[in-house]
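Below: data-v4.txt (compact mmCIF, C-alpha atoms)
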```
# COMPACT_ATOMS: atom_id res chain seq x y z
CA MET A 10 70.70 -41.08 181.73
CA GLY A 11 72.99 -43.73 180.30
CA ILE A 12 76.76 -43.41 180.43
CA MET A 13 78.65 -45.41 177.83
CA LEU A 14 82.26 -46.43 178.32
CA PHE A 15 84.80 -48.41 176.39
CA VAL A 16 87.18 -49.88 178.92
CA THR A 17 90.52 -50.91 177.44
CA PRO A 18 93.07 -51.55 180.21
CA GLY A 19 96.62 -51.93 179.02
CA HIS A 20 96.62 -55.71 179.36
CA ALA A 21 93.13 -56.23 177.90
CA ALA A 22 92.27 -57.79 174.58
CA ALA A 23 92.70 -55.47 171.62
CA GLY A 24 88.97 -55.15 171.22
CA ARG A 25 85.66 -56.92 171.65
CA ARG A 26 84.65 -58.95 168.61
CA ARG A 27 81.21 -57.82 167.58
CA THR A 28 78.90 -60.16 165.71
CA GLU A 29 76.30 -57.59 164.74
CA GLY A 30 76.26 -53.92 163.80
CA VAL A 31 74.70 -51.01 165.62
CA LYS A 32 72.10 -50.74 162.87
CA ASP A 33 70.96 -54.30 163.57
CA ARG A 34 70.34 -53.41 167.22
CA CYS A 35 67.90 -50.69 166.28
CA VAL A 36 65.31 -52.93 164.65
CA MET A 37 61.81 -52.51 165.94
CA GLU A 38 61.29 -56.17 166.86
CA ARG A 39 61.79 -56.53 170.56
CA ALA A 40 64.68 -58.80 171.50
CA LEU A 41 64.01 -61.58 174.00
CA VAL A 42 65.14 -60.72 177.54
CA SER A 43 65.92 -63.62 179.90
CA ILE A 44 65.27 -62.91 183.57
CA LEU A 45 67.23 -65.35 185.72
CA THR A 46 66.32 -65.98 189.35
CA LEU A 47 68.43 -68.17 191.62
CA SER A 48 67.00 -69.58 194.82
CA TYR A 49 68.19 -71.51 197.85
CA ASN A 50 65.80 -71.64 200.80
CA ASN A 51 64.98 -67.93 200.38
CA PHE A 52 61.31 -67.73 199.43
CA GLU A 53 60.19 -65.22 202.08
CA ASN A 54 59.70 -62.42 199.55
CA MET A 55 58.64 -64.71 196.71
CA GLU A 56 55.36 -63.00 195.83
CA GLU A 57 56.86 -59.50 195.53
CA CYS A 58 59.64 -60.86 193.34
CA ILE A 59 57.24 -62.72 191.02
CA ASP A 60 54.79 -59.80 190.84
CA SER A 61 57.58 -57.45 189.76
CA ILE A 62 58.63 -59.81 186.95
CA PHE A 63 55.18 -60.58 185.57
CA SER A 64 54.11 -56.92 185.75
CA GLN A 65 56.89 -55.70 183.43
CA ASP A 66 55.56 -53.83 180.38
CA TYR A 67 58.28 -55.13 178.04
CA GLY A 68 56.72 -57.36 175.39
CA ASN A 69 59.13 -60.29 175.08
CA MET A 70 60.54 -61.99 178.19
CA GLU A 71 61.27 -65.42 179.61
CA TRP A 72 61.73 -66.28 183.28
CA ILE A 73 64.12 -68.99 184.43
CA LEU A 74 64.06 -70.01 188.09
CA SER A 75 67.01 -72.21 189.02
CA ASP A 76 66.91 -73.68 192.51
CA ASP A 77 70.06 -74.93 194.22
CA GLY A 78 68.88 -77.75 196.45
CA SER A 79 66.26 -76.04 198.61
CA GLY A 80 64.50 -78.30 201.06
CA GLN A 81 60.95 -79.31 200.03
CA PHE A 82 61.35 -77.50 196.72
CA GLY A 83 58.56 -79.59 195.17
CA THR A 84 56.10 -77.84 197.47
CA TRP A 85 57.57 -74.42 196.68
CA LYS A 86 57.38 -75.14 192.95
CA GLU A 87 53.69 -75.97 193.22
CA ARG A 88 53.05 -72.76 195.16
CA ILE A 89 54.98 -70.69 192.59
CA GLU A 90 53.14 -72.19 189.62
CA ALA A 91 49.75 -71.79 191.34
CA TYR A 92 50.53 -68.17 192.27
CA ILE A 93 51.49 -67.28 188.67
CA GLU A 94 48.37 -68.95 187.29
CA GLU A 95 46.12 -67.14 189.77
CA LYS A 96 47.70 -63.67 189.83
CA HIS A 97 49.23 -63.39 186.37
CA PRO A 98 47.21 -65.44 183.85
CA VAL A 99 48.15 -62.86 181.21
CA SER A 100 51.61 -61.29 181.06
CA ASN A 101 54.53 -60.46 178.78
CA VAL A 102 56.46 -63.47 180.11
CA LYS A 103 56.30 -65.86 177.15
CA LYS A 104 58.03 -68.82 178.77
CA VAL A 105 58.66 -70.04 182.32
CA THR A 106 61.40 -72.59 183.06
CA ILE A 107 61.90 -74.01 186.55
CA LEU A 108 65.10 -75.95 187.24
CA HIS A 109 66.10 -77.79 190.40
CA ASP A 110 69.08 -79.79 191.59
CA GLY A 111 68.82 -81.92 194.70
CA THR A 112 72.40 -81.14 195.67
CA ASN A 113 73.78 -77.72 196.60
CA LEU A 114 75.93 -76.73 193.60
CA GLY A 115 76.84 -73.24 194.81
CA ILE A 116 75.84 -69.93 193.25
CA VAL A 117 78.33 -70.06 190.36
CA ARG A 118 77.26 -73.46 188.98
CA ASN A 119 73.60 -72.71 189.60
CA TYR A 120 73.93 -69.43 187.69
CA LYS A 121 75.71 -71.19 184.82
CA ARG A 122 72.93 -73.76 184.60
CA ALA A 123 70.35 -70.97 184.31
CA LEU A 124 72.46 -69.24 181.66
CA ASP A 125 72.72 -72.43 179.62
CA ALA A 126 68.93 -72.58 179.56
CA ALA A 127 68.50 -68.91 178.64
CA GLU A 128 67.55 -68.04 175.05
CA GLY A 129 67.41 -64.25 175.38
CA LYS A 130 69.69 -61.70 173.77
CA TYR A 131 69.92 -59.79 177.05
CA ILE A 132 70.27 -61.25 180.55
CA PHE A 133 69.03 -59.75 183.80
CA TYR A 134 69.66 -61.58 187.06
CA LEU A 135 67.08 -60.90 189.76
CA ALA A 136 67.59 -62.73 193.05
CA MET A 137 64.66 -64.48 194.68
CA GLY A 138 63.59 -62.05 197.39
CA ASP A 139 64.55 -58.91 195.47
CA SER A 140 62.24 -57.20 192.99
CA PHE A 141 62.21 -54.87 190.02
CA PHE A 142 61.81 -51.24 191.07
CA ASP A 143 58.90 -50.51 188.71
CA PRO A 144 57.12 -52.03 185.66
CA ASN A 145 59.31 -50.17 183.13
CA VAL A 146 62.70 -51.57 184.16
CA ILE A 147 63.15 -54.18 181.40
CA THR A 148 61.87 -51.75 178.74
CA ASP A 149 64.52 -49.22 179.79
CA VAL A 150 67.24 -51.86 180.04
CA ALA A 151 66.55 -53.15 176.52
CA ALA A 152 66.37 -49.60 175.17
CA TYR A 153 69.79 -48.79 176.64
CA PHE A 154 71.30 -51.87 175.03
CA GLU A 155 69.68 -51.01 171.70
CA ARG A 156 70.90 -47.41 171.59
CA SER A 157 74.42 -48.13 172.83
CA ASP A 158 77.33 -50.42 172.12
CA VAL A 159 77.80 -51.63 175.70
CA ASP A 160 78.04 -55.31 176.58
CA VAL A 161 77.40 -55.03 180.31
CA PHE A 162 76.31 -52.14 182.50
CA GLY A 163 75.62 -51.29 186.10
CA GLY A 164 72.55 -49.56 187.44
CA CYS A 165 71.18 -48.11 190.67
CA TRP A 166 69.28 -49.96 193.36
CA GLU A 167 67.16 -49.28 196.43
CA TRP A 168 68.99 -50.91 199.35
CA ILE A 169 66.77 -52.04 202.24
CA LYS A 170 68.01 -53.29 205.59
CA ASP A 171 66.04 -53.57 208.83
CA GLY A 172 63.37 -51.24 207.46
CA THR A 173 65.80 -48.48 206.44
CA LYS A 174 66.08 -47.53 202.77
CA GLU A 175 68.69 -45.74 200.71
CA PHE A 176 69.61 -45.51 197.06
CA ARG A 177 72.93 -46.82 195.81
CA PRO A 178 75.55 -46.54 194.46
CA GLU A 179 76.83 -43.35 196.01
CA ASP A 180 77.17 -40.24 193.86
CA ARG A 181 80.96 -40.58 193.76
CA ILE A 182 80.69 -43.86 191.85
CA LYS A 183 78.24 -42.28 189.42
CA LYS A 184 80.68 -39.41 188.94
CA LEU A 185 83.48 -41.88 188.29
CA PHE A 186 81.53 -43.28 185.35
CA ALA A 187 80.32 -39.85 184.19
CA ASP A 188 83.93 -38.63 183.94
CA GLY A 189 84.51 -41.36 181.36
CA ASP A 190 88.16 -42.10 182.23
CA SER A 191 88.29 -45.80 181.38
CA GLU A 192 91.75 -46.46 182.83
CA ARG A 193 90.80 -44.78 186.11
CA ILE A 194 87.55 -46.75 186.30
CA TYR A 195 89.48 -49.99 185.86
CA GLU A 196 91.96 -49.01 188.59
CA TYR A 197 89.06 -48.51 191.02
CA PHE A 198 87.16 -51.56 189.78
CA ILE A 199 90.08 -53.86 190.56
CA ARG A 200 90.03 -52.63 194.17
CA TYR A 201 86.32 -52.15 194.75
CA PRO A 202 83.27 -53.94 193.21
CA LEU A 203 81.68 -51.04 191.32
CA PHE A 204 78.93 -53.32 189.98
CA VAL A 205 76.79 -55.73 191.97
CA GLY A 206 75.60 -58.92 190.29
CA ALA A 207 71.96 -58.31 191.18
CA CYS A 208 71.83 -55.06 189.21
CA THR A 209 74.02 -55.62 186.13
CA PRO A 210 72.37 -56.65 182.84
CA PHE A 211 74.58 -58.04 180.07
CA ARG A 212 74.46 -59.38 176.53
CA ARG A 213 74.28 -63.14 176.44
CA ASP A 214 77.01 -63.34 173.79
CA LEU A 215 79.48 -62.22 176.47
CA TYR A 216 78.94 -65.62 178.04
CA SER A 217 79.22 -67.34 174.66
CA ASP A 218 82.42 -65.52 173.70
CA PHE A 219 84.26 -65.20 177.00
CA GLY A 220 82.82 -67.90 179.26
CA PHE A 221 81.58 -67.56 182.82
CA LEU A 222 84.00 -68.38 185.64
CA PRO A 223 86.62 -71.10 186.32
CA ALA A 224 85.40 -74.13 188.20
CA GLU A 225 87.27 -73.17 191.39
CA TYR A 226 84.75 -70.39 192.14
CA THR A 227 81.75 -71.50 194.18
CA HIS A 228 79.73 -68.46 195.27
CA LEU A 229 81.43 -65.23 194.16
CA GLU A 230 79.91 -64.90 190.70
CA ASP A 231 80.00 -61.16 189.96
CA TRP A 232 83.21 -59.25 190.75
CA PRO A 233 85.77 -61.69 189.23
CA ARG A 234 83.50 -62.25 186.21
CA TYR A 235 83.23 -58.55 185.37
CA LEU A 236 86.96 -58.07 185.76
CA ASP A 237 87.59 -61.03 183.46
CA TRP A 238 85.16 -59.74 180.82
CA ILE A 239 86.61 -56.22 180.95
CA GLU A 240 90.15 -57.53 180.61
CA LYS A 241 89.05 -59.47 177.52
CA GLY A 242 87.64 -56.31 175.94
CA ALA A 243 83.98 -56.07 177.03
CA ARG A 244 82.46 -52.61 176.74
CA ILE A 245 80.91 -51.44 179.98
CA GLY A 246 78.48 -48.68 180.84
CA PHE A 247 76.32 -47.25 183.58
CA LEU A 248 72.60 -46.46 183.55
CA ASP A 249 71.69 -43.82 186.12
CA ARG A 250 68.32 -45.34 186.84
CA VAL A 251 67.00 -47.41 189.79
CA LEU A 252 66.53 -50.97 188.57
CA ILE A 253 65.80 -53.14 191.63
CA ARG A 254 64.86 -53.23 195.28
CA TYR A 255 67.65 -55.10 197.03
CA TYR A 256 67.11 -56.64 200.45
CA ALA A 257 70.33 -56.93 202.45
CA GLY A 258 71.42 -60.23 203.90
CA GLY A 259 72.49 -62.42 200.98
CA LEU A 260 75.25 -65.02 201.26
CA THR A 261 78.02 -62.93 199.69
CA THR A 262 77.43 -59.91 201.95
CA LYS A 263 79.09 -61.72 204.86
CA ILE A 264 82.25 -63.73 204.40
CA LYS A 265 81.69 -66.66 206.72
CA ASN A 266 81.28 -69.56 204.31
CA PRO A 267 84.66 -71.31 203.81
CA ASP A 268 83.96 -71.75 200.08
CA LEU A 269 83.39 -68.01 199.77
CA ILE A 270 86.65 -67.32 201.60
CA MET A 271 88.42 -69.46 199.00
CA ASP A 272 86.65 -67.52 196.24
CA PHE A 273 88.10 -64.26 197.54
CA LYS A 274 91.56 -65.81 197.73
CA HIS A 275 91.25 -66.89 194.09
CA LEU A 276 90.15 -63.37 193.20
CA LEU A 277 93.21 -61.84 194.87
CA GLU A 278 95.61 -64.32 193.33
CA LYS A 279 94.27 -64.16 189.79
CA ARG A 280 92.95 -60.62 189.36
CA MET A 281 94.60 -58.38 191.93
CA ARG A 282 98.13 -59.65 192.34
CA LEU A 283 99.75 -56.92 190.20
CA PRO A 284 98.29 -53.81 191.91
CA HIS A 285 98.70 -55.31 195.37
CA SER A 286 102.28 -56.36 194.65
CA ALA A 287 102.94 -52.75 193.62
CA LEU A 288 101.43 -51.64 196.94
CA PHE A 289 103.87 -53.74 198.95
CA ARG A 290 106.82 -52.52 196.88
CA ALA A 291 105.73 -48.93 197.51
CA LEU A 292 105.53 -49.49 201.26
CA LYS A 293 109.17 -50.55 201.30
CA THR A 294 110.36 -47.35 199.64
CA LYS A 295 108.34 -44.75 201.55
CA LYS A 296 109.70 -42.82 204.51
CA TYR A 297 106.37 -42.49 206.31
CA ILE A 298 103.26 -44.70 206.37
CA PHE A 299 99.89 -43.19 207.24
CA SER A 300 96.60 -44.91 208.05
CA TRP A 301 93.37 -43.07 207.27
CA GLY A 302 90.74 -44.39 209.62
CA ALA A 303 91.81 -44.19 213.24
CA ALA A 304 89.17 -46.63 214.44
CA GLY A 305 87.17 -49.54 213.08
CA GLY A 306 89.17 -51.34 210.41
CA PHE A 307 92.54 -50.09 211.65
CA LEU A 308 92.08 -50.92 215.33
CA MET A 309 90.69 -54.35 214.54
CA ASN A 310 93.46 -55.30 212.10
CA TYR A 311 96.60 -53.22 212.48
CA GLN A 312 98.64 -55.79 214.40
CA SER A 313 98.26 -58.59 211.85
CA TRP A 314 98.57 -56.08 209.01
CA GLU A 315 101.80 -54.53 210.31
CA GLU A 316 103.25 -57.98 210.93
CA ALA A 317 102.46 -58.94 207.34
CA VAL A 318 103.93 -55.71 205.92
CA GLY A 319 106.97 -55.75 208.15
CA ARG A 320 106.70 -52.15 209.40
CA GLN A 321 104.42 -49.91 211.43
CA CYS A 322 102.14 -47.05 210.47
CA ASP A 323 103.77 -43.82 211.61
CA TYR A 324 100.65 -41.61 211.77
CA LEU A 325 96.88 -41.98 211.84
CA ILE A 326 94.64 -39.55 209.92
CA ASP A 327 91.24 -38.49 211.20
CA LYS A 328 88.99 -35.58 210.20
CA ASN A 329 87.70 -35.11 213.75
CA PRO A 330 89.56 -32.08 215.22
CA GLU A 331 89.02 -33.44 218.72
CA LYS A 332 91.25 -36.42 217.94
CA ALA A 333 94.10 -34.34 216.52
CA GLY A 334 97.19 -34.52 218.75
CA GLN A 335 96.00 -37.64 220.54
CA THR A 336 97.63 -41.03 220.21
CA ILE A 337 95.76 -44.19 219.28
CA ALA A 338 97.53 -47.54 219.57
CA GLY A 339 100.70 -45.53 220.15
CA ARG A 340 100.39 -43.59 216.87
CA PRO A 341 99.88 -39.82 216.76
CA VAL A 342 96.66 -38.62 215.08
CA ILE A 343 96.81 -35.78 212.55
CA LEU A 344 94.22 -33.95 210.47
CA PRO A 345 94.17 -34.50 206.69
CA GLU A 346 95.45 -31.01 205.92
CA GLU A 347 98.70 -31.81 207.72
CA LEU A 348 99.56 -34.16 204.85
CA LYS A 349 100.53 -31.06 202.88
CA LYS A 350 103.64 -30.81 205.04
CA PHE A 351 105.01 -33.96 203.43
CA SER A 352 106.21 -34.67 199.92
CA PRO A 353 103.94 -37.17 198.13
CA GLU A 354 107.00 -39.19 197.19
CA GLU A 355 108.02 -39.84 200.79
CA ILE A 356 104.67 -41.04 202.14
CA PHE A 357 102.06 -43.74 201.53
CA ILE A 358 98.50 -43.62 202.86
CA LEU A 359 96.61 -46.81 203.68
CA ILE A 360 92.83 -46.35 203.60
CA PHE A 361 91.32 -48.72 206.16
CA SER A 362 87.83 -47.24 205.84
CA ARG A 363 86.13 -49.07 202.98
CA GLY A 364 82.86 -47.24 203.52
CA TYR A 365 84.54 -43.87 202.91
CA PHE A 366 87.02 -45.05 200.29
CA PHE A 367 85.71 -42.84 197.48
CA GLU A 368 85.27 -39.80 199.70
CA ILE A 369 88.83 -40.13 201.05
CA SER A 370 90.23 -40.85 197.58
CA GLU A 371 88.61 -37.70 196.18
CA GLU A 372 90.12 -35.59 198.95
CA LEU A 373 93.58 -37.11 198.45
CA GLU A 374 93.43 -36.61 194.68
CA GLN A 375 92.58 -32.96 195.22
CA MET A 376 95.82 -32.73 197.24
CA GLY A 377 97.76 -34.21 194.33
CA PHE A 378 98.08 -37.81 195.54
CA VAL A 379 97.68 -40.66 193.03
CA LEU A 380 95.94 -44.00 193.61
CA GLY A 381 98.48 -46.82 193.67
CA GLU A 382 101.46 -44.45 193.91
CA HIS A 383 100.63 -42.56 197.09
CA PHE A 384 97.56 -44.25 198.58
CA ASP A 385 95.52 -47.44 198.35
CA LEU A 386 92.58 -49.27 199.90
CA ILE A 387 93.21 -51.93 202.53
CA SER A 388 90.11 -53.94 201.69
CA ARG A 389 88.74 -56.92 203.59
CA GLU A 390 89.83 -59.12 200.67
CA LEU A 391 93.42 -57.88 200.88
CA LEU A 392 93.49 -58.36 204.64
CA LEU A 393 92.16 -61.88 204.23
CA TRP A 394 94.74 -62.68 201.54
CA LYS A 395 97.79 -61.13 203.20
CA CYS A 396 97.00 -61.38 206.91
CA GLY A 397 94.61 -64.30 207.09
CA ARG A 398 92.00 -62.40 209.13
CA TYR A 399 89.78 -59.33 209.35
CA ASP A 400 86.67 -58.21 211.21
CA GLU A 401 83.84 -58.19 208.70
CA ASP A 402 81.57 -55.96 210.79
CA GLU A 403 84.11 -53.15 210.87
CA ILE A 404 85.67 -53.06 207.41
```
Just give me the structure of the file as structure tokens.
Amino acid sequence: MGIMLFVTPGHAAAGRRRTEGVKDRCVMERALVSILTLSYNNFENMEECIDSIFSQDYGNMEWILSDDGSGQFGTWKERIEAYIEEKHPVSNVKKVTILHDGTNLGIVRNYKRALDAAEGKYIFYLAMGDSFFDPNVITDVAAYFERSDVDVFGGCWEWIKDGTKEFRPEDRIKKLFADGDSERIYEYFIRYPLFVGACTPFRRDLYSDFGFLPAEYTHLEDWPRYLDWIEKGARIGFLDRVLIRYYAGGLTTKIKNPDLIMDFKHLLEKRMRLPHSALFRALKTKKYIFSWGAAGGFLMNYQSWEEAVGRQCDYLIDKNPEKAGQTIAGRPVILPEELKKFSPEEIFILIFSRGYFFEISEELEQMGFVLGEHFDLISRELLLWKCGRYDEDEI
């Protein structure tokens, strides 16, 4: 099921300029779809990735592989070309382009190079090592574009790590899109990456009209780009359908690279300054500060966080009844229902548990609390920006 949304945040462009009508999108001729694959020394799952592309039943595709300075890429290129010739002599992929740069440009510049070479109307990025979920993915993606007015949309993915599998995103994110409240979606999007770059097709004219990313970004190509496009008036949607198999362990899943750390700092400065500035103003006016998440993110980061904020958390919130009445790091622990004893206007709740952000938010909203006014997420990006540190394994 596809969910179509027209996101128009208050500071966004008045509307997305369209260069073609809905009627034109419904023509029977199949539009060219460009599948972009970026690589950098990650060819372990190469055959599964290639098989999933060349087995698609959609009738008009091109594949662009853009390599970012992998060692011995000439050998890998020969293996890739030989594998395609042997295993897929006939396919719906009409054109194959393989690009390579001897230097390491970074994900953003490598992606832009692939985009510049793309001729398709629709773009789907599939990382080397990941794979399409089934042979009908591109057919369904193109059909969703053709029947809707969306410019970019998110989908579902099978997430695989150490042999364990689960389907993402969680139902609460799907519900967020199904509710269709564009302003609310934007408020969550600016705090939490609702889309992942590996599972988000878009119209190529978004790139033509709005650009890609400023030169200061090196690796973080998805979250700031979607925020920028939405703010400029792009229409977004969500397709409740599994599109890819995603294997955990990519560069941007762990913030260790210094260039990636700078990317997140740029993101905070340019895209998130307003809501986070409002957060710090709210903390100064509230009588009580609560932290939801009595372990993990809080315990690893509360000292630097409280130093940066200039005041302490008064209470910790935990749903475990056995912890109620205890003290952790000198703070008393209460159950969530005890929040009802306080006026929403005199308290602020800091959510340190990123993994349960949507679950906690839903519970707080049912109590009458409002995101940004009474509670907010203390994300790893915000901790990095304000405090200069965080523990990536806990947040």
Step by step, gather every atom of segment 219-225 of chain A that the file lists, find the box along x, y and z that holds them, add 3 Å on each side, and finally give centre and edge lengths in Å to one decimal, as AutoDock Vina command-line options.
```
--center_x 84.4 --center_y -69.7 --center_z 184.2 --size_x 11.7 --size_y 14.9 --size_z 20.4
```
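Remark: for Asp231 of chain A, the closest of the candidate residues A:Ala152, A:Ala207, A:Tyr255, A:Asn329 is A:Ala207 (distances computed over only C-alpha atoms).
Of the residues under consideration (A:Lys350, A:Arg250, A:Arg340, A:Lys121), A:Lys121 shows the shortest atom-to-atom contact distance to Phe221 of chain A when counting only C-alpha atoms.
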One decimal place gives the atom CA of Ile245 of chain A-atom CA of Lys174 of chain A separation as 27.5 Å
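With all atoms listed in the file as the basis for measurement, A:Arg212 is the residue among A:Lys86, A:Lys293, A:Arg212, A:Lys279 that approaches Asp158 of chain A most closely.
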Distance query Lys332 of chain A at most 9 Å, all atoms listed in the file, self and fewer than 6 positions along chain excluded, as a VMD selection string | chain A and resid 342 to 344
Rebuild segment 75-95 of chain A so that it carries N, CA and C atoms, then output the result as an mmCIF file, in the frame of the given file.
```
data_model
loop_
_atom_site.group_PDB
_atom_site.id
_atom_site.type_symbol
_atom_site.label_atom_id
_atom_site.label_comp_id
_atom_site.auth_asym_id
_atom_site.auth_seq_id
_atom_site.Cartn_x
_atom_site.Cartn_y
_atom_site.Cartn_z
ATOM 1 N N SER A 75 66.098 -71.081 188.822
ATOM 2 C CA SER A 75 67.010 -72.210 189.020
ATOM 3 C C SER A 75 67.270 -72.365 190.513
ATOM 4 N N ASP A 76 66.791 -73.459 191.072
ATOM 5 C CA ASP A 76 66.910 -73.680 192.510
ATOM 6 C C ASP A 76 68.104 -74.582 192.810
ATOM 7 N N ASP A 77 68.812 -74.249 193.892
ATOM 8 C CA ASP A 77 70.060 -74.930 194.220
ATOM 9 C C ASP A 77 69.916 -75.818 195.449
ATOM 10 N N GLY A 78 68.988 -76.766 195.380
ATOM 11 C CA GLY A 78 68.880 -77.750 196.450
ATOM 12 C C GLY A 78 68.084 -77.323 197.650
ATOM 13 N N SER A 79 67.098 -76.439 197.480
ATOM 14 C CA SER A 79 66.260 -76.040 198.610
ATOM 15 C C SER A 79 65.470 -77.232 199.149
ATOM 16 N N GLY A 80 65.306 -77.261 200.455
ATOM 17 C CA GLY A 80 64.500 -78.300 201.060
ATOM 18 C C GLY A 80 63.041 -78.156 200.666
ATOM 19 N N GLN A 81 62.372 -79.272 200.393
ATOM 20 C CA GLN A 81 60.950 -79.310 200.030
ATOM 21 C C GLN A 81 60.649 -78.399 198.838
ATOM 22 N N PHE A 82 61.556 -78.401 197.856
ATOM 23 C CA PHE A 82 61.350 -77.500 196.720
ATOM 24 C C PHE A 82 60.111 -77.901 195.914
ATOM 25 N N GLY A 83 59.764 -79.192 195.903
ATOM 26 C CA GLY A 83 58.560 -79.590 195.170
ATOM 27 C C GLY A 83 57.339 -78.821 195.623
ATOM 28 N N THR A 84 57.225 -78.612 196.934
ATOM 29 C CA THR A 84 56.100 -77.840 197.470
ATOM 30 C C THR A 84 56.181 -76.387 197.031
ATOM 31 N N TRP A 85 57.396 -75.819 197.090
ATOM 32 C CA TRP A 85 57.570 -74.420 196.680
ATOM 33 C C TRP A 85 57.255 -74.260 195.193
ATOM 34 N N LYS A 86 57.662 -75.215 194.382
ATOM 35 C CA LYS A 86 57.380 -75.140 192.950
ATOM 36 C C LYS A 86 55.880 -75.113 192.688
ATOM 37 N N GLU A 87 55.151 -75.958 193.383
ATOM 38 C CA GLU A 87 53.690 -75.970 193.220
ATOM 39 C C GLU A 87 53.088 -74.633 193.613
ATOM 40 N N ARG A 88 53.570 -74.063 194.707
ATOM 41 C CA ARG A 88 53.050 -72.760 195.160
ATOM 42 C C ARG A 88 53.364 -71.663 194.146
ATOM 43 N N ILE A 89 54.580 -71.698 193.581
ATOM 44 C CA ILE A 89 54.980 -70.690 192.590
ATOM 45 C C ILE A 89 54.102 -70.795 191.349
ATOM 46 N N GLU A 90 53.937 -71.999 190.833
ATOM 47 C CA GLU A 90 53.140 -72.190 189.620
ATOM 48 C C GLU A 90 51.679 -71.793 189.860
ATOM 49 N N ALA A 91 51.137 -72.140 191.022
ATOM 50 C CA ALA A 91 49.750 -71.790 191.340
ATOM 51 C C ALA A 91 49.592 -70.276 191.472
ATOM 52 N N TYR A 92 50.588 -69.624 192.078
ATOM 53 C CA TYR A 92 50.530 -68.170 192.270
ATOM 54 C C TYR A 92 50.543 -67.460 190.917
ATOM 55 N N ILE A 93 51.422 -67.904 189.997
ATOM 56 C CA ILE A 93 51.490 -67.280 188.670
ATOM 57 C C ILE A 93 50.172 -67.463 187.934
ATOM 58 N N GLU A 94 49.617 -68.677 187.992
ATOM 59 C CA GLU A 94 48.370 -68.950 187.290
ATOM 60 C C GLU A 94 47.223 -68.109 187.834
ATOM 61 N N GLU A 95 47.206 -67.904 189.159
ATOM 62 C CA GLU A 95 46.120 -67.140 189.770
ATOM 63 C C GLU A 95 46.283 -65.637 189.572
#
```
